[in-house]
Amino acid sequence: MRYVDPVHEGPTDPTVVWNPWARAWWMFYTSRRANVPGLPGVSWVHGTPVGIATSADGFAWDHLGHAVIDVPEPTLWAPEVIVHEGLGHMFLTVVPGVFTDWEADRSIVHLVSDDLRHWREPRGWSCPAPG
C-alpha cells in the first residue's frame, strides 16, 4: 500500500481506524508541505491540518480532505484516533505557529467526535474509572 497526499505530497504519522459511521477505514495523518519549494528551515513540516484518507479494503486509499478540528493553532501533528463506546477520541500534538526550527512549544490535546470528521474539546465528557 502506498498513499501520497494529493494536496501536499508529504503524509506522515498515520493512524488507521474503522469509522463505524462511514463504514470504511479512515487514515488520519500529519500533512507536510513537501511540495512547496523554498520554505526556510523546517517550516515545511508546519502550518497544515490533519489529513484524512478513506478506504473500503485497507489497501486502496482516496483523499477525503481534512479533519475539521476546533483548535486555533495552525500546526497539527501526529493524530492518534480511537473509537470507544460510540465516540471518537483524538490525541493530537499542537504547535502554536509555523517555525523554521524545532524550538517551539508543543502540547497534546484530547478531542472528541461523533463522526470522526468534526472534532471538538470533550465538554461534559469524563473518562470512566477502570473496573
# chains A, B, ... in the order shown; residues from 1 in each chain; ligands from 1
$ residues_around --residues "range 72-87 of chain A" --least-positions-apart "3" --cutoff "7 Å" --atoms "only C-alpha atoms" --output "PyMOL selection string"
chain A and resi 13+15+17+28-30+46-50+90-98+112-114
$ write_last_selection --atoms "N, CA and C atoms" --output "PDB file, in the first residue's frame"
ATOM      1  N   ASP A  13       3.050  10.074  10.022  1.00  0.00           N
ATOM      2  CA  ASP A  13       2.390   9.787  11.303  1.00  0.00           C
ATOM      3  C   ASP A  13       0.984   9.223  11.127  1.00  0.00           C
ATOM      4  N   THR A  15      -2.425   7.023  11.353  1.00  0.00           N
ATOM      5  CA  THR A  15      -3.158   6.120  12.227  1.00  0.00           C
ATOM      6  C   THR A  15      -4.422   5.708  11.476  1.00  0.00           C
ATOM      7  N   VAL A  17      -8.148   3.701  11.496  1.00  0.00           N
ATOM      8  CA  VAL A  17      -9.231   3.283  12.377  1.00  0.00           C
ATOM      9  C   VAL A  17     -10.464   2.980  11.531  1.00  0.00           C
ATOM     10  N   PHE A  28      -5.858   8.881   9.365  1.00  0.00           N
ATOM     11  CA  PHE A  28      -5.567  10.252   9.760  1.00  0.00           C
ATOM     12  C   PHE A  28      -4.048  10.416   9.720  1.00  0.00           C
ATOM     13  N   TYR A  29      -3.577  11.566   9.249  1.00  0.00           N
ATOM     14  CA  TYR A  29      -2.134  11.743   9.127  1.00  0.00           C
ATOM     15  C   TYR A  29      -1.742  13.215   9.248  1.00  0.00           C
ATOM     16  N   THR A  30      -0.477  13.418   9.591  1.00  0.00           N
ATOM     17  CA  THR A  30       0.119  14.739   9.583  1.00  0.00           C
ATOM     18  C   THR A  30       0.372  15.119   8.136  1.00  0.00           C
ATOM     19  N   HIS A  46       5.355  22.451   9.177  1.00  0.00           N
ATOM     20  CA  HIS A  46       4.433  23.230   9.996  1.00  0.00           C
ATOM     21  C   HIS A  46       3.326  23.814   9.129  1.00  0.00           C
ATOM     22  N   GLY A  47       2.242  24.228   9.766  1.00  0.00           N
ATOM     23  CA  GLY A  47       1.220  25.014   9.097  1.00  0.00           C
ATOM     24  C   GLY A  47       0.215  24.235   8.284  1.00  0.00           C
ATOM     25  N   THR A  48      -0.034  22.993   8.634  1.00  0.00           N
ATOM     26  CA  THR A  48      -1.015  22.211   7.880  1.00  0.00           C
ATOM     27  C   THR A  48      -1.984  21.496   8.812  1.00  0.00           C
ATOM     28  N   PRO A  49      -3.184  21.195   8.300  1.00  0.00           N
ATOM     29  CA  PRO A  49      -4.185  20.473   9.099  1.00  0.00           C
ATOM     30  C   PRO A  49      -3.929  18.965   9.068  1.00  0.00           C
ATOM     31  N   VAL A  50      -4.778  18.229   9.758  1.00  0.00           N
ATOM     32  CA  VAL A  50      -4.738  16.769   9.744  1.00  0.00           C
ATOM     33  C   VAL A  50      -5.469  16.275   8.500  1.00  0.00           C
ATOM     34  N   MET A  90      -9.469  11.715  19.742  1.00  0.00           N
ATOM     35  CA  MET A  90      -8.212  12.033  19.071  1.00  0.00           C
ATOM     36  C   MET A  90      -7.260  12.659  20.075  1.00  0.00           C
ATOM     37  N   PHE A  91      -6.030  12.162  20.074  1.00  0.00           N
ATOM     38  CA  PHE A  91      -4.947  12.759  20.848  1.00  0.00           C
ATOM     39  C   PHE A  91      -4.008  13.364  19.818  1.00  0.00           C
ATOM     40  N   LEU A  92      -3.767  14.661  19.916  1.00  0.00           N
ATOM     41  CA  LEU A  92      -3.159  15.422  18.842  1.00  0.00           C
ATOM     42  C   LEU A  92      -2.089  16.364  19.380  1.00  0.00           C
ATOM     43  N   THR A  93      -0.944  16.393  18.709  1.00  0.00           N
ATOM     44  CA  THR A  93       0.104  17.347  19.047  1.00  0.00           C
ATOM     45  C   THR A  93      -0.202  18.672  18.365  1.00  0.00           C
ATOM     46  N   VAL A  94      -0.171  19.755  19.141  1.00  0.00           N
ATOM     47  CA  VAL A  94      -0.486  21.095  18.648  1.00  0.00           C
ATOM     48  C   VAL A  94       0.754  21.976  18.801  1.00  0.00           C
ATOM     49  N   VAL A  95       1.091  22.668  17.726  1.00  0.00           N
ATOM     50  CA  VAL A  95       2.228  23.600  17.726  1.00  0.00           C
ATOM     51  C   VAL A  95       1.668  24.997  17.470  1.00  0.00           C
ATOM     52  N   PRO A  96       1.989  25.977  18.326  1.00  0.00           N
ATOM     53  CA  PRO A  96       1.378  27.299  18.230  1.00  0.00           C
ATOM     54  C   PRO A  96       2.030  28.220  17.188  1.00  0.00           C
ATOM     55  N   GLY A  97       2.084  27.767  15.947  1.00  0.00           N
ATOM     56  CA  GLY A  97       2.629  28.619  14.893  1.00  0.00           C
ATOM     57  C   GLY A  97       3.324  27.813  13.820  1.00  0.00           C
ATOM     58  N   VAL A  98       4.025  28.541  12.954  1.00  0.00           N
ATOM     59  CA  VAL A  98       4.840  27.954  11.894  1.00  0.00           C
ATOM     60  C   VAL A  98       6.266  28.405  12.157  1.00  0.00           C
ATOM     61  N   VAL A 112     -12.858  15.066  20.882  1.00  0.00           N
ATOM     62  CA  VAL A 112     -13.860  14.022  20.656  1.00  0.00           C
ATOM     63  C   VAL A 112     -14.658  14.336  19.394  1.00  0.00           C
ATOM     64  N   SER A 113     -15.299  13.282  18.854  1.00  0.00           N
ATOM     65  CA  SER A 113     -16.077  13.432  17.630  1.00  0.00           C
ATOM     66  C   SER A 113     -17.206  12.416  17.589  1.00  0.00           C
ATOM     67  N   ASP A 114     -18.315  12.836  16.975  1.00  0.00           N
ATOM     68  CA  ASP A 114     -19.451  11.937  16.756  1.00  0.00           C
ATOM     69  C   ASP A 114     -19.435  11.316  15.369  1.00  0.00           C
TER      70      ASP A 114
END
$ closest_residue --among "A:Asp70, A:Asp101, A:Asp5, A:Asp62" --to "Leu39 in chain A" --atoms "only C-alpha atoms"
A:Asp101
$ closest_residue --among "A:Gly65, A:Gly58, A:Gly41, A:Gly88" --to "Glu121 in chain A" --atoms "only C-alpha atoms"
A:Gly88
$ atom_distance --atom1 "CA of Thr54 in chain A" --atom2 "CA of Trp25 in chain A"
5.6 Å
$ atom_distance --atom1 "CA of Asn35 in chain A" --atom2 "CA of His63 in chain A"
16.4 Å
$ closest_residue --among "A:Trp26, A:Thr12, A:Ala67, A:Val42" --to "His118 in chain A" --atoms "only C-alpha atoms"
A:Ala67
$ select_by_dssp --residues "range 1-129 of chain A" --states "strand (DSSP E)" --output "number ranges by chain"
A: 12-19, 24-30, 50-55, 62-66, 68-69, 75-84, 87-95, 107-113, 118-119
$ atom_distance --atom1 "CA of Pro11 in chain A" --atom2 "CA of Trp44 in chain A"
11.9 Å
$ closest_residue --among "A:Val7, A:Val45, A:Ile52, A:Leu116" --to "Trp21 in chain A" --atoms "only C-alpha atoms"
A:Leu116
